Amino acid sequence: MKVTIIGAGAIGGLIGQRLAATGEAQVSALARGATLAALRERGWRVKQGETLATGPVAAAHALEDAAKLGEQDLVVIAVKGPALAQVAASVVPLLGPQTLVLPAMNGVPWWFCQGVPGFSAGESDGGSGGDATLTSVDPIGAIGAAIPLANVIGCVVHASASTPEPGLVDHKMGRGLIIGEPGGGASERVQRLAALLERAGFEAKASENVRLDIWYKLWGNLTMNPVSAITGATIDRLLDDPLVRDFCSAAMREAAAIGAKIGCAIDQSPEDRHQVTAKLGAFKTSMLQDVEANRPIELDALVSVVREIGQRVSVPTPNIDALLGLTRLFGRVHGLYPQ
């Protein structure tokens, strides 16, 4: 089986190493700079505690040019949201009719509202409805044009990892991968991929409603990520402050109302979710880690897109609007979000 990882960072590196270690796949990487050099020299490396796991990647399969790799069976996209539009074109040479594309990324993907009943089009679509592009995450439609929806498998990642140095993944916790057809329902190809991921050591679940799984994870990340980014606080401190906790709950109620209109109804209260989140303790969100590392923040796929969908289905979002405005301004002041 031929697999290519685009974005050999924390999550991409974790998936790449585990798949390579099975011996069932030739796992290539599209990378550059120090990460490319590390992969060529040392292969896939994942550290968990004091244990270092490795996986082979031949120099001929760690490249900057996708055209040299040819058609693949599976392409895993694990870049940060702001980089996806730039790398989308590199997916094209890897695609064949049966190629699976697995975006292992945070937030709402570009395809999320395609074909959703009652979802009105934005201005860029001229009011066509249904298949309207989410301009927050795919501003000019470049991602959707490069990656056919027929090739896509939806994915939710429940794992925490970082990259202390190029090419080395520090796996903190979690092995969950939820995958499913964008349009819902069961399929043989999803079952086969879930089985492969299970053999690679993941807790893989084949979902018949992956859109709901995506929205549910977003429901928590929507507030915890940006509030932690602008305050510098770990999530235990966010939840311990009653005013901050109430603000997050209000934004989550708005997101739940949006979900109910797009087939992603959530049957929990914000307080239910806070109790689950609190079990993580003094945890730094991915967006806070990006701020501390002076990396661009993934604001659009987590917050801007929720506001956009809310506008299109006529759900008022005053708290989400405030959260977006504050975090966007913070990002611009610190050079972490486009002006």
# chains A, B, ... in the order shown; residues from 1 in each chain; ligands from 1
>>> residues_around(residues="stretch 174-186 of chain A", least_positions_apart="3", cutoff="8 Å", atoms="only C-alpha atoms", output="PyMOL selection string")
chain A and resi 111-112+149+152-160+190-191+194+201-211+213
>>> write_last_selection(atoms="N, CA, C and O atoms", output="mmCIF file, in the first residue's frame")
data_model
loop_
_atom_site.group_PDB
_atom_site.id
_atom_site.type_symbol
_atom_site.label_atom_id
_atom_site.label_comp_id
_atom_site.auth_asym_id
_atom_site.auth_seq_id
_atom_site.Cartn_x
_atom_site.Cartn_y
_atom_site.Cartn_z
ATOM 1 N N TRP A 111 -15.101 20.986 3.074
ATOM 2 C CA TRP A 111 -16.215 20.273 2.455
ATOM 3 C C TRP A 111 -17.433 20.173 3.367
ATOM 4 O O TRP A 111 -18.478 19.660 2.970
ATOM 5 N N PHE A 112 -17.368 20.674 4.570
ATOM 6 C CA PHE A 112 -18.288 20.348 5.649
ATOM 7 C C PHE A 112 -19.757 20.607 5.328
ATOM 8 O O PHE A 112 -20.633 19.859 5.751
ATOM 9 N N LEU A 149 -14.252 15.845 -3.674
ATOM 10 C CA LEU A 149 -14.937 15.335 -2.489
ATOM 11 C C LEU A 149 -15.049 13.811 -2.527
ATOM 12 O O LEU A 149 -15.026 13.154 -1.480
ATOM 13 N N VAL A 152 -12.381 12.103 -0.516
ATOM 14 C CA VAL A 152 -12.182 12.504 0.878
ATOM 15 C C VAL A 152 -12.836 11.536 1.855
ATOM 16 O O VAL A 152 -13.954 11.074 1.644
ATOM 17 N N ILE A 153 -12.123 11.265 2.936
ATOM 18 C CA ILE A 153 -12.668 10.583 4.107
ATOM 19 C C ILE A 153 -12.560 11.555 5.274
ATOM 20 O O ILE A 153 -11.480 12.052 5.585
ATOM 21 N N GLY A 154 -13.677 11.837 5.930
ATOM 22 C CA GLY A 154 -13.650 12.744 7.074
ATOM 23 C C GLY A 154 -12.891 12.136 8.241
ATOM 24 O O GLY A 154 -12.849 10.906 8.402
ATOM 25 N N CYS A 155 -12.295 12.986 9.068
ATOM 26 C CA CYS A 155 -11.451 12.480 10.164
ATOM 27 C C CYS A 155 -11.490 13.425 11.357
ATOM 28 O O CYS A 155 -11.489 14.646 11.201
ATOM 29 N N VAL A 156 -11.539 12.832 12.537
ATOM 30 C CA VAL A 156 -11.402 13.564 13.794
ATOM 31 C C VAL A 156 -10.251 12.926 14.564
ATOM 32 O O VAL A 156 -10.225 11.707 14.758
ATOM 33 N N VAL A 157 -9.307 13.743 14.987
ATOM 34 C CA VAL A 157 -8.133 13.250 15.722
ATOM 35 C C VAL A 157 -8.314 13.531 17.210
ATOM 36 O O VAL A 157 -8.567 14.670 17.608
ATOM 37 N N HIS A 158 -8.178 12.497 18.009
ATOM 38 C CA HIS A 158 -8.171 12.647 19.465
ATOM 39 C C HIS A 158 -6.812 12.172 19.974
ATOM 40 O O HIS A 158 -6.660 11.041 20.442
ATOM 41 N N ALA A 159 -5.806 13.010 19.806
ATOM 42 C CA ALA A 159 -4.448 12.696 20.235
ATOM 43 C C ALA A 159 -3.717 14.002 20.492
ATOM 44 O O ALA A 159 -3.994 15.013 19.839
ATOM 45 N N SER A 160 -2.801 13.971 21.424
ATOM 46 C CA SER A 160 -1.997 15.154 21.737
ATOM 47 C C SER A 160 -0.523 14.816 21.521
ATOM 48 O O SER A 160 -0.012 13.848 22.084
ATOM 49 N N VAL A 190 -14.155 2.826 4.153
ATOM 50 C CA VAL A 190 -13.932 3.341 5.504
ATOM 51 C C VAL A 190 -13.620 2.201 6.462
ATOM 52 O O VAL A 190 -12.718 2.308 7.309
ATOM 53 N N GLN A 191 -14.331 1.098 6.334
ATOM 54 C CA GLN A 191 -14.069 -0.060 7.193
ATOM 55 C C GLN A 191 -12.647 -0.580 6.990
ATOM 56 O O GLN A 191 -11.956 -0.929 7.953
ATOM 57 N N ALA A 194 -10.209 1.899 8.592
ATOM 58 C CA ALA A 194 -10.264 1.808 10.054
ATOM 59 C C ALA A 194 -9.508 0.573 10.545
ATOM 60 O O ALA A 194 -8.793 0.624 11.558
ATOM 61 N N GLY A 201 -2.140 0.589 15.625
ATOM 62 C CA GLY A 201 -2.122 0.948 17.040
ATOM 63 C C GLY A 201 -3.048 2.086 17.425
ATOM 64 O O GLY A 201 -3.022 2.547 18.581
ATOM 65 N N PHE A 202 -3.885 2.533 16.510
ATOM 66 C CA PHE A 202 -4.835 3.592 16.840
ATOM 67 C C PHE A 202 -6.151 2.991 17.324
ATOM 68 O O PHE A 202 -6.493 1.854 16.995
ATOM 69 N N GLU A 203 -6.875 3.779 18.087
ATOM 70 C CA GLU A 203 -8.248 3.426 18.456
ATOM 71 C C GLU A 203 -9.136 4.028 17.378
ATOM 72 O O GLU A 203 -9.627 5.148 17.501
ATOM 73 N N ALA A 204 -9.289 3.304 16.303
ATOM 74 C CA ALA A 204 -9.980 3.820 15.121
ATOM 75 C C ALA A 204 -11.446 3.424 15.142
ATOM 76 O O ALA A 204 -11.781 2.271 15.425
ATOM 77 N N LYS A 205 -12.292 4.391 14.840
ATOM 78 C CA LYS A 205 -13.736 4.156 14.812
ATOM 79 C C LYS A 205 -14.280 4.569 13.454
ATOM 80 O O LYS A 205 -14.009 5.669 12.978
ATOM 81 N N ALA A 206 -15.036 3.685 12.827
ATOM 82 C CA ALA A 206 -15.729 4.017 11.586
ATOM 83 C C ALA A 206 -17.081 4.611 11.955
ATOM 84 O O ALA A 206 -17.926 3.933 12.539
ATOM 85 N N SER A 207 -17.273 5.881 11.640
ATOM 86 C CA SER A 207 -18.489 6.595 12.020
ATOM 87 C C SER A 207 -19.435 6.710 10.833
ATOM 88 O O SER A 207 -19.005 6.926 9.699
ATOM 89 N N GLU A 208 -20.733 6.614 11.109
ATOM 90 C CA GLU A 208 -21.728 6.820 10.069
ATOM 91 C C GLU A 208 -22.203 8.274 10.015
ATOM 92 O O GLU A 208 -23.032 8.626 9.183
ATOM 93 N N ASN A 209 -21.670 9.112 10.897
ATOM 94 C CA ASN A 209 -21.985 10.545 10.877
ATOM 95 C C ASN A 209 -20.761 11.326 11.332
ATOM 96 O O ASN A 209 -20.740 11.905 12.421
ATOM 97 N N VAL A 210 -19.736 11.340 10.504
ATOM 98 C CA VAL A 210 -18.479 11.975 10.893
ATOM 99 C C VAL A 210 -18.623 13.485 11.007
ATOM 100 O O VAL A 210 -17.873 14.140 11.738
ATOM 101 N N ARG A 211 -19.602 14.071 10.305
ATOM 102 C CA ARG A 211 -19.828 15.513 10.439
ATOM 103 C C ARG A 211 -20.197 15.859 11.884
ATOM 104 O O ARG A 211 -19.730 16.854 12.427
ATOM 105 N N ASP A 213 -19.341 14.141 14.525
ATOM 106 C CA ASP A 213 -18.119 13.951 15.326
ATOM 107 C C ASP A 213 -17.198 15.158 15.205
ATOM 108 O O ASP A 213 -16.587 15.588 16.193
#
>>> select_by_dssp(residues="stretch 15-221 of chain A", states="strand (DSSP E)", output="short mmCIF file (atom, residue, chain, number, x, y, z; two decimals) with all heavy atoms, in the first residue's frame")
data_model
loop_
_atom_site.label_atom_id
_atom_site.label_comp_id
_atom_site.auth_asym_id
_atom_site.auth_seq_id
_atom_site.Cartn_x
_atom_site.Cartn_y
_atom_site.Cartn_z
N GLN A 26 4.16 1.40 2.31
CA GLN A 26 5.33 2.22 1.98
C GLN A 26 4.90 3.65 2.26
O GLN A 26 4.10 4.23 1.54
CB GLN A 26 5.69 2.05 0.51
CG GLN A 26 6.77 3.02 0.02
CD GLN A 26 6.95 2.93 -1.48
OE1 GLN A 26 7.51 1.96 -1.98
NE2 GLN A 26 6.48 3.93 -2.21
N VAL A 27 5.44 4.23 3.33
CA VAL A 27 4.97 5.53 3.80
C VAL A 27 5.95 6.62 3.39
O VAL A 27 7.08 6.68 3.88
CB VAL A 27 4.78 5.54 5.33
CG1 VAL A 27 4.16 6.86 5.77
CG2 VAL A 27 3.89 4.38 5.76
N SER A 28 5.53 7.45 2.47
CA SER A 28 6.35 8.56 1.98
C SER A 28 5.95 9.84 2.71
O SER A 28 4.90 9.92 3.37
CB SER A 28 6.15 8.75 0.48
OG SER A 28 6.43 7.56 -0.22
N ALA A 29 6.79 10.85 2.58
CA ALA A 29 6.52 12.14 3.21
C ALA A 29 6.80 13.27 2.24
O ALA A 29 7.82 13.26 1.55
CB ALA A 29 7.37 12.31 4.46
N LEU A 30 5.91 14.23 2.21
CA LEU A 30 6.19 15.50 1.54
C LEU A 30 6.60 16.47 2.63
O LEU A 30 5.81 16.80 3.52
CB LEU A 30 4.94 16.03 0.82
CG LEU A 30 4.64 15.50 -0.58
CD1 LEU A 30 3.46 16.27 -1.16
CD2 LEU A 30 5.84 15.62 -1.48
N TRP A 44 10.98 7.79 10.44
CA TRP A 44 9.92 8.25 11.34
C TRP A 44 10.31 7.96 12.78
O TRP A 44 10.74 6.84 13.09
CB TRP A 44 8.61 7.54 11.01
CG TRP A 44 8.13 7.74 9.62
CD1 TRP A 44 8.24 6.88 8.57
CD2 TRP A 44 7.43 8.88 9.11
NE1 TRP A 44 7.66 7.40 7.44
CE2 TRP A 44 7.16 8.64 7.75
CE3 TRP A 44 7.01 10.09 9.67
CZ2 TRP A 44 6.49 9.55 6.93
CZ3 TRP A 44 6.34 11.01 8.87
CH2 TRP A 44 6.08 10.74 7.52
N ARG A 45 10.12 8.92 13.66
CA ARG A 45 10.47 8.72 15.08
C ARG A 45 9.36 9.29 15.96
O ARG A 45 8.95 10.45 15.80
CB ARG A 45 11.79 9.41 15.43
CG ARG A 45 13.02 8.83 14.75
CD ARG A 45 14.26 9.63 15.11
NE ARG A 45 14.17 11.00 14.61
CZ ARG A 45 14.71 12.06 15.23
NH1 ARG A 45 15.35 11.91 16.36
NH2 ARG A 45 14.60 13.27 14.70
N VAL A 46 8.91 8.48 16.91
CA VAL A 46 7.89 8.91 17.88
C VAL A 46 8.36 8.52 19.27
O VAL A 46 8.64 7.35 19.55
CB VAL A 46 6.52 8.27 17.60
CG1 VAL A 46 5.53 8.60 18.72
CG2 VAL A 46 5.97 8.75 16.26
N LYS A 47 8.42 9.51 20.15
CA LYS A 47 8.81 9.28 21.53
C LYS A 47 7.57 9.32 22.41
O LYS A 47 6.74 10.22 22.29
CB LYS A 47 9.79 10.37 21.98
CG LYS A 47 10.25 10.25 23.43
CD LYS A 47 11.16 11.40 23.80
CE LYS A 47 11.59 11.30 25.25
NZ LYS A 47 12.42 12.47 25.67
N GLN A 48 7.44 8.33 23.28
CA GLN A 48 6.36 8.32 24.26
C GLN A 48 6.97 7.94 25.60
O GLN A 48 7.39 6.81 25.80
CB GLN A 48 5.24 7.35 23.87
CG GLN A 48 4.01 7.47 24.75
CD GLN A 48 2.78 6.89 24.11
OE1 GLN A 48 2.86 6.01 23.26
NE2 GLN A 48 1.60 7.38 24.50
N THR A 51 10.28 5.77 25.75
CA THR A 51 10.32 4.81 24.64
C THR A 51 10.36 5.55 23.30
O THR A 51 9.58 6.48 23.07
CB THR A 51 9.09 3.89 24.67
OG1 THR A 51 9.04 3.21 25.93
CG2 THR A 51 9.15 2.87 23.53
N LEU A 52 11.26 5.13 22.43
CA LEU A 52 11.36 5.70 21.09
C LEU A 52 10.99 4.64 20.07
O LEU A 52 11.62 3.60 19.98
CB LEU A 52 12.78 6.21 20.81
CG LEU A 52 12.99 6.83 19.42
CD1 LEU A 52 12.20 8.13 19.30
CD2 LEU A 52 14.48 7.08 19.16
N ALA A 53 9.94 4.91 19.31
CA ALA A 53 9.51 4.01 18.25
C ALA A 53 9.91 4.62 16.91
O ALA A 53 9.89 5.84 16.73
CB ALA A 53 8.00 3.80 18.30
N THR A 54 10.27 3.77 15.97
CA THR A 54 10.73 4.25 14.67
C THR A 54 9.98 3.56 13.54
O THR A 54 9.25 2.59 13.76
CB THR A 54 12.25 4.01 14.49
OG1 THR A 54 12.50 2.59 14.55
CG2 THR A 54 13.04 4.73 15.57
N GLY A 55 10.18 4.05 12.35
CA GLY A 55 9.60 3.45 11.16
C GLY A 55 10.40 3.89 9.95
O GLY A 55 10.91 5.01 9.92
N ALA A 62 11.09 10.55 0.79
CA ALA A 62 10.95 11.77 1.58
C ALA A 62 11.36 12.91 0.66
O ALA A 62 12.55 13.13 0.40
CB ALA A 62 11.85 11.72 2.82
N LEU A 63 10.39 13.61 0.13
CA LEU A 63 10.63 14.52 -0.98
C LEU A 63 9.89 15.84 -0.80
O LEU A 63 8.98 15.96 0.03
CB LEU A 63 10.16 13.87 -2.29
CG LEU A 63 10.76 12.53 -2.68
CD1 LEU A 63 9.99 11.93 -3.84
CD2 LEU A 63 12.23 12.68 -3.05
N LEU A 74 -3.36 6.17 -0.23
CA LEU A 74 -3.84 7.00 0.88
C LEU A 74 -2.95 8.23 1.00
O LEU A 74 -1.72 8.12 1.00
CB LEU A 74 -3.81 6.21 2.19
CG LEU A 74 -4.10 6.98 3.48
CD1 LEU A 74 -5.54 7.50 3.49
CD2 LEU A 74 -3.84 6.09 4.71
N VAL A 75 -3.57 9.39 1.09
CA VAL A 75 -2.86 10.64 1.35
C VAL A 75 -3.40 11.21 2.65
O VAL A 75 -4.60 11.49 2.77
CB VAL A 75 -3.06 11.66 0.21
CG1 VAL A 75 -2.36 12.98 0.54
CG2 VAL A 75 -2.54 11.10 -1.11
N VAL A 76 -2.52 11.37 3.63
CA VAL A 76 -2.90 11.97 4.91
C VAL A 76 -2.42 13.42 4.92
O VAL A 76 -1.23 13.69 4.74
CB VAL A 76 -2.25 11.20 6.09
CG1 VAL A 76 -2.61 11.87 7.42
CG2 VAL A 76 -2.69 9.74 6.09
N ILE A 77 -3.35 14.34 5.10
CA ILE A 77 -3.01 15.76 5.17
C ILE A 77 -3.04 16.18 6.63
O ILE A 77 -4.10 16.14 7.27
CB ILE A 77 -3.98 16.62 4.35
CG1 ILE A 77 -4.05 16.14 2.90
CG2 ILE A 77 -3.54 18.08 4.39
CD1 ILE A 77 -5.06 16.89 2.06
N LEU A 100 -7.61 7.58 -1.35
CA LEU A 100 -8.29 8.15 -0.20
C LEU A 100 -7.49 9.34 0.32
O LEU A 100 -6.27 9.26 0.45
CB LEU A 100 -8.44 7.11 0.92
CG LEU A 100 -9.17 5.82 0.58
CD1 LEU A 100 -9.30 4.94 1.81
CD2 LEU A 100 -10.55 6.11 -0.01
N VAL A 101 -8.19 10.43 0.61
CA VAL A 101 -7.56 11.61 1.18
C VAL A 101 -8.12 11.81 2.58
O VAL A 101 -9.33 12.00 2.76
CB VAL A 101 -7.82 12.86 0.32
CG1 VAL A 101 -7.19 14.10 0.98
CG2 VAL A 101 -7.25 12.67 -1.08
N LEU A 102 -7.24 11.75 3.58
CA LEU A 102 -7.64 11.82 4.98
C LEU A 102 -7.08 13.11 5.59
O LEU A 102 -5.92 13.17 5.95
CB LEU A 102 -7.11 10.61 5.73
CG LEU A 102 -7.63 10.40 7.15
CD1 LEU A 102 -9.07 9.89 7.12
CD2 LEU A 102 -6.75 9.40 7.91
N PRO A 103 -7.90 14.17 5.72
CA PRO A 103 -7.41 15.39 6.36
C PRO A 103 -7.45 15.23 7.89
O PRO A 103 -8.53 15.27 8.50
CB PRO A 103 -8.41 16.47 5.90
CG PRO A 103 -9.28 15.81 4.86
CD PRO A 103 -9.25 14.35 5.19
N GLY A 154 -13.68 11.84 5.93
CA GLY A 154 -13.65 12.74 7.07
C GLY A 154 -12.89 12.14 8.24
O GLY A 154 -12.85 10.91 8.40
N CYS A 155 -12.29 12.99 9.07
CA CYS A 155 -11.45 12.48 10.16
C CYS A 155 -11.49 13.42 11.36
O CYS A 155 -11.49 14.65 11.20
CB CYS A 155 -10.01 12.32 9.67
SG CYS A 155 -8.85 11.73 10.92
N VAL A 156 -11.54 12.83 12.54
CA VAL A 156 -11.40 13.56 13.79
C VAL A 156 -10.25 12.93 14.56
O VAL A 156 -10.23 11.71 14.76
CB VAL A 156 -12.68 13.50 14.64
CG1 VAL A 156 -12.53 14.34 15.91
CG2 VAL A 156 -13.89 13.98 13.84
N VAL A 157 -9.31 13.74 14.99
CA VAL A 157 -8.13 13.25 15.72
C VAL A 157 -8.31 13.53 17.21
O VAL A 157 -8.57 14.67 17.61
CB VAL A 157 -6.84 13.93 15.23
CG1 VAL A 157 -5.64 13.44 16.04
CG2 VAL A 157 -6.64 13.67 13.75
N HIS A 158 -8.18 12.50 18.01
CA HIS A 158 -8.17 12.65 19.46
C HIS A 158 -6.81 12.17 19.97
O HIS A 158 -6.66 11.04 20.44
CB HIS A 158 -9.31 11.86 20.11
CG HIS A 158 -10.66 12.44 19.85
ND1 HIS A 158 -11.08 13.63 20.42
CD2 HIS A 158 -11.69 12.01 19.08
CE1 HIS A 158 -12.31 13.91 20.02
NE2 HIS A 158 -12.70 12.94 19.20
N ALA A 159 -5.81 13.01 19.81
CA ALA A 159 -4.45 12.70 20.24
C ALA A 159 -3.72 14.00 20.49
O ALA A 159 -3.99 15.01 19.84
CB ALA A 159 -3.71 11.88 19.18
N SER A 160 -2.80 13.97 21.42
CA SER A 160 -2.00 15.15 21.74
C SER A 160 -0.52 14.82 21.52
O SER A 160 -0.01 13.85 22.08
CB SER A 160 -2.22 15.59 23.18
OG SER A 160 -1.37 16.68 23.53
N ALA A 161 0.13 15.62 20.68
CA ALA A 161 1.55 15.38 20.39
C ALA A 161 2.21 16.71 20.03
O ALA A 161 1.53 17.68 19.68
CB ALA A 161 1.70 14.40 19.23
N SER A 162 3.52 16.74 20.11
CA SER A 162 4.28 17.94 19.75
C SER A 162 5.56 17.51 19.04
O SER A 162 5.87 16.32 18.96
CB SER A 162 4.61 18.77 20.99
OG SER A 162 5.41 18.02 21.90
N THR A 163 6.28 18.49 18.51
CA THR A 163 7.55 18.20 17.83
C THR A 163 8.67 18.99 18.51
O THR A 163 8.91 20.15 18.18
CB THR A 163 7.47 18.58 16.34
OG1 THR A 163 6.92 19.90 16.21
CG2 THR A 163 6.58 17.61 15.59
N PRO A 164 9.36 18.37 19.48
CA PRO A 164 10.44 19.07 20.18
C PRO A 164 11.62 19.41 19.27
O PRO A 164 12.40 20.31 19.57
CB PRO A 164 10.85 18.08 21.27
CG PRO A 164 10.37 16.75 20.81
CD PRO A 164 9.14 17.02 20.01
N GLU A 165 11.76 18.67 18.16
CA GLU A 165 12.77 18.96 17.16
C GLU A 165 12.25 18.43 15.82
O GLU A 165 11.36 17.57 15.79
CB GLU A 165 14.12 18.32 17.51
CG GLU A 165 14.08 16.80 17.52
CD GLU A 165 15.42 16.18 17.89
OE1 GLU A 165 15.80 16.31 19.08
OE2 GLU A 165 16.06 15.59 17.01
N LEU A 168 10.96 14.60 14.95
CA LEU A 168 10.74 13.83 16.17
C LEU A 168 9.41 14.23 16.79
O LEU A 168 9.16 15.40 17.05
CB LEU A 168 11.86 14.06 17.19
CG LEU A 168 11.68 13.39 18.56
CD1 LEU A 168 11.68 11.87 18.42
CD2 LEU A 168 12.76 13.85 19.55
N VAL A 169 8.55 13.24 17.02
CA VAL A 169 7.23 13.48 17.62
C VAL A 169 7.27 13.06 19.08
O VAL A 169 7.75 11.97 19.42
CB VAL A 169 6.15 12.68 16.88
CG1 VAL A 169 4.79 12.85 17.56
CG2 VAL A 169 6.07 13.09 15.42
N ASP A 170 6.77 13.91 19.96
CA ASP A 170 6.59 13.58 21.37
C ASP A 170 5.10 13.34 21.57
O ASP A 170 4.30 14.27 21.58
CB ASP A 170 7.08 14.72 22.25
CG ASP A 170 7.05 14.36 23.73
OD1 ASP A 170 6.67 13.22 24.06
OD2 ASP A 170 7.37 15.23 24.57
N HIS A 171 4.72 12.08 21.67
CA HIS A 171 3.31 11.69 21.81
C HIS A 171 2.92 11.74 23.28
O HIS A 171 3.38 10.92 24.08
CB HIS A 171 3.11 10.29 21.22
CG HIS A 171 1.68 9.83 21.25
ND1 HIS A 171 1.33 8.51 21.19
CD2 HIS A 171 0.52 10.52 21.34
CE1 HIS A 171 0.02 8.39 21.23
NE2 HIS A 171 -0.49 9.60 21.32
N LYS A 172 2.04 12.67 23.61
CA LYS A 172 1.65 12.86 25.02
C LYS A 172 0.58 11.87 25.44
O LYS A 172 0.71 11.17 26.44
CB LYS A 172 1.14 14.29 25.22
CG LYS A 172 2.12 15.38 24.82
CD LYS A 172 3.32 15.43 25.72
CE LYS A 172 4.21 16.62 25.38
NZ LYS A 172 5.45 16.65 26.17
N MET A 173 -0.54 11.87 24.69
CA MET A 173 -1.66 11.00 25.06
C MET A 173 -2.64 10.91 23.90
O MET A 173 -2.63 11.72 22.97
CB MET A 173 -2.38 11.54 26.29
CG MET A 173 -2.97 12.93 26.10
SD MET A 173 -3.77 13.50 27.61
CE MET A 173 -4.23 15.16 27.13
N GLY A 174 -3.49 9.90 23.96
CA GLY A 174 -4.56 9.75 23.00
C GLY A 174 -4.14 9.01 21.74
O GLY A 174 -3.07 9.25 21.19
N ARG A 175 -5.01 8.09 21.28
CA ARG A 175 -4.77 7.34 20.03
C ARG A 175 -6.04 7.26 19.19
O ARG A 175 -6.17 6.40 18.34
CB ARG A 175 -4.26 5.93 20.37
CG ARG A 175 -2.91 5.88 21.05
CD ARG A 175 -2.44 4.46 21.33
NE ARG A 175 -3.25 3.81 22.35
CZ ARG A 175 -4.02 2.73 22.14
NH1 ARG A 175 -4.10 2.20 20.92
NH2 ARG A 175 -4.72 2.21 23.11
N GLY A 176 -6.96 8.18 19.43
CA GLY A 176 -8.26 8.10 18.78
C GLY A 176 -8.30 8.72 17.40
O GLY A 176 -7.82 9.83 17.19
N LEU A 177 -8.85 7.98 16.45
CA LEU A 177 -9.11 8.48 15.10
C LEU A 177 -10.52 8.06 14.71
O LEU A 177 -10.81 6.86 14.64
CB LEU A 177 -8.10 7.93 14.08
CG LEU A 177 -6.65 8.42 14.18
CD1 LEU A 177 -5.79 7.67 13.16
CD2 LEU A 177 -6.56 9.92 13.93
N ILE A 178 -11.40 9.03 14.49
CA ILE A 178 -12.75 8.75 14.02
C ILE A 178 -12.79 9.10 12.54
O ILE A 178 -12.42 10.20 12.14
CB ILE A 178 -13.79 9.59 14.78
CG1 ILE A 178 -13.70 9.32 16.29
CG2 ILE A 178 -15.19 9.29 14.27
CD1 ILE A 178 -14.59 10.24 17.11
N ILE A 179 -13.21 8.17 11.70
CA ILE A 179 -13.23 8.41 10.26
C ILE A 179 -14.60 8.05 9.69
O ILE A 179 -15.32 7.21 10.25
CB ILE A 179 -12.12 7.64 9.52
CG1 ILE A 179 -12.32 6.12 9.65
CG2 ILE A 179 -10.74 8.02 10.06
CD1 ILE A 179 -11.36 5.30 8.79
N GLY A 180 -14.96 8.68 8.58
CA GLY A 180 -16.25 8.37 7.97
C GLY A 180 -16.45 9.09 6.66
O GLY A 180 -15.72 10.03 6.32
N GLU A 203 -6.87 3.78 18.09
CA GLU A 203 -8.25 3.43 18.46
C GLU A 203 -9.14 4.03 17.38
O GLU A 203 -9.63 5.15 17.50
CB GLU A 203 -8.58 3.97 19.85
CG GLU A 203 -7.75 3.34 20.95
CD GLU A 203 -7.93 4.01 22.30
OE1 GLU A 203 -8.63 5.06 22.35
OE2 GLU A 203 -7.38 3.51 23.29
N ALA A 204 -9.29 3.30 16.30
CA ALA A 204 -9.98 3.82 15.12
C ALA A 204 -11.45 3.42 15.14
O ALA A 204 -11.78 2.27 15.42
CB ALA A 204 -9.32 3.30 13.85
N LYS A 205 -12.29 4.39 14.84
CA LYS A 205 -13.74 4.16 14.81
C LYS A 205 -14.28 4.57 13.45
O LYS A 205 -14.01 5.67 12.98
CB LYS A 205 -14.42 4.97 15.91
CG LYS A 205 -15.95 4.93 15.85
CD LYS A 205 -16.57 5.92 16.82
CE LYS A 205 -18.08 6.02 16.63
NZ LYS A 205 -18.69 7.05 17.50
N ALA A 206 -15.04 3.68 12.83
CA ALA A 206 -15.73 4.02 11.59
C ALA A 206 -17.08 4.61 11.95
O ALA A 206 -17.93 3.93 12.54
CB ALA A 206 -15.90 2.78 10.72
#
>>> atom_distance(atom1="atom CA of A:Pro56", atom2="atom CA of A:Ala83")
26.3 Å
>>> residues_around(residues="A:Cys248", least_positions_apart="3", cutoff="8 Å", atoms="only C-alpha atoms", output="list of chain:residue names")
A:Thr223, A:Met224, A:Val244, A:Arg245, A:Ala251, A:Met252
>>> closest_residue(among="A:Asp300, A:Glu50, A:Asp272, A:Asp290", to="A:Gly232", atoms="only C-alpha atoms")
A:Asp290
>>> select_by_dssp(residues="stretch 112-325 of chain A", states="helix (DSSP H, G or I)", output="PyMOL selection string")
chain A and resi 123-125+142-146+149-151+188-199+210-231+235-240+242-261+270-278+286-292+300-312+318-325
>>> atom_distance(atom1="atom CA of A:Lys284", atom2="atom CA of A:Thr234")
5.0 Å
>>> residues_around(residues="A:Ala301", least_positions_apart="6", cutoff="10 Å", atoms="only C-alpha atoms", output="PyMOL selection string")
chain A and resi 80-82+105-110+134+136-138+218+222
>>> write_last_selection(atoms="C-alpha atoms", output="short mmCIF file (atom, residue, chain, number, x, y, z; two decimals), in the first residue's frame")
data_model
loop_
_atom_site.label_atom_id
_atom_site.label_comp_id
_atom_site.auth_asym_id
_atom_site.auth_seq_id
_atom_site.Cartn_x
_atom_site.Cartn_y
_atom_site.Cartn_z
CA LYS A 80 -2.06 23.49 10.07
CA GLY A 81 -5.24 25.08 8.71
CA PRO A 82 -3.59 28.30 7.46
CA MET A 105 -6.64 18.47 10.97
CA ASN A 106 -8.35 20.66 13.55
CA GLY A 107 -11.66 22.37 13.04
CA VAL A 108 -14.23 22.46 10.26
CA PRO A 109 -12.97 21.22 6.86
CA TRP A 110 -13.68 22.93 3.54
CA LEU A 134 -16.95 27.93 3.17
CA SER A 136 -13.50 31.15 5.96
CA VAL A 137 -11.46 28.01 5.27
CA ASP A 138 -11.32 27.96 1.45
CA LEU A 218 -15.16 21.70 17.55
CA LEU A 222 -14.16 26.66 19.70
#
>>> closest_residue(among="A:Gly325, A:Pro139, A:Gly23, A:Gly33", to="A:Val303", atoms="only C-alpha atoms")
A:Gly325
>>> residues_around(residues="A:Lys68", least_positions_apart="5", cutoff="10 Å", atoms="only C-alpha atoms", output="compact mmCIF listing (two decimals) with N, CA and C atoms, in the first residue's frame")
# COMPACT_ATOMS: atom_id res chain seq x y z
N ALA A 60 14.35 8.15 -1.04
CA ALA A 60 13.61 8.35 -2.28
C ALA A 60 12.14 8.64 -2.03
N HIS A 61 11.69 8.43 -0.79
CA HIS A 61 10.28 8.64 -0.48
C HIS A 61 10.08 9.74 0.56
N LEU A 63 10.39 13.61 0.13
CA LEU A 63 10.63 14.52 -0.98
C LEU A 63 9.89 15.84 -0.80
N PRO A 93 -0.98 15.54 -7.88
CA PRO A 93 -0.21 14.46 -8.53
C PRO A 93 -0.31 13.12 -7.81
N LEU A 94 -0.81 13.13 -6.60
CA LEU A 94 -0.89 11.90 -5.81
C LEU A 94 -2.21 11.17 -6.00
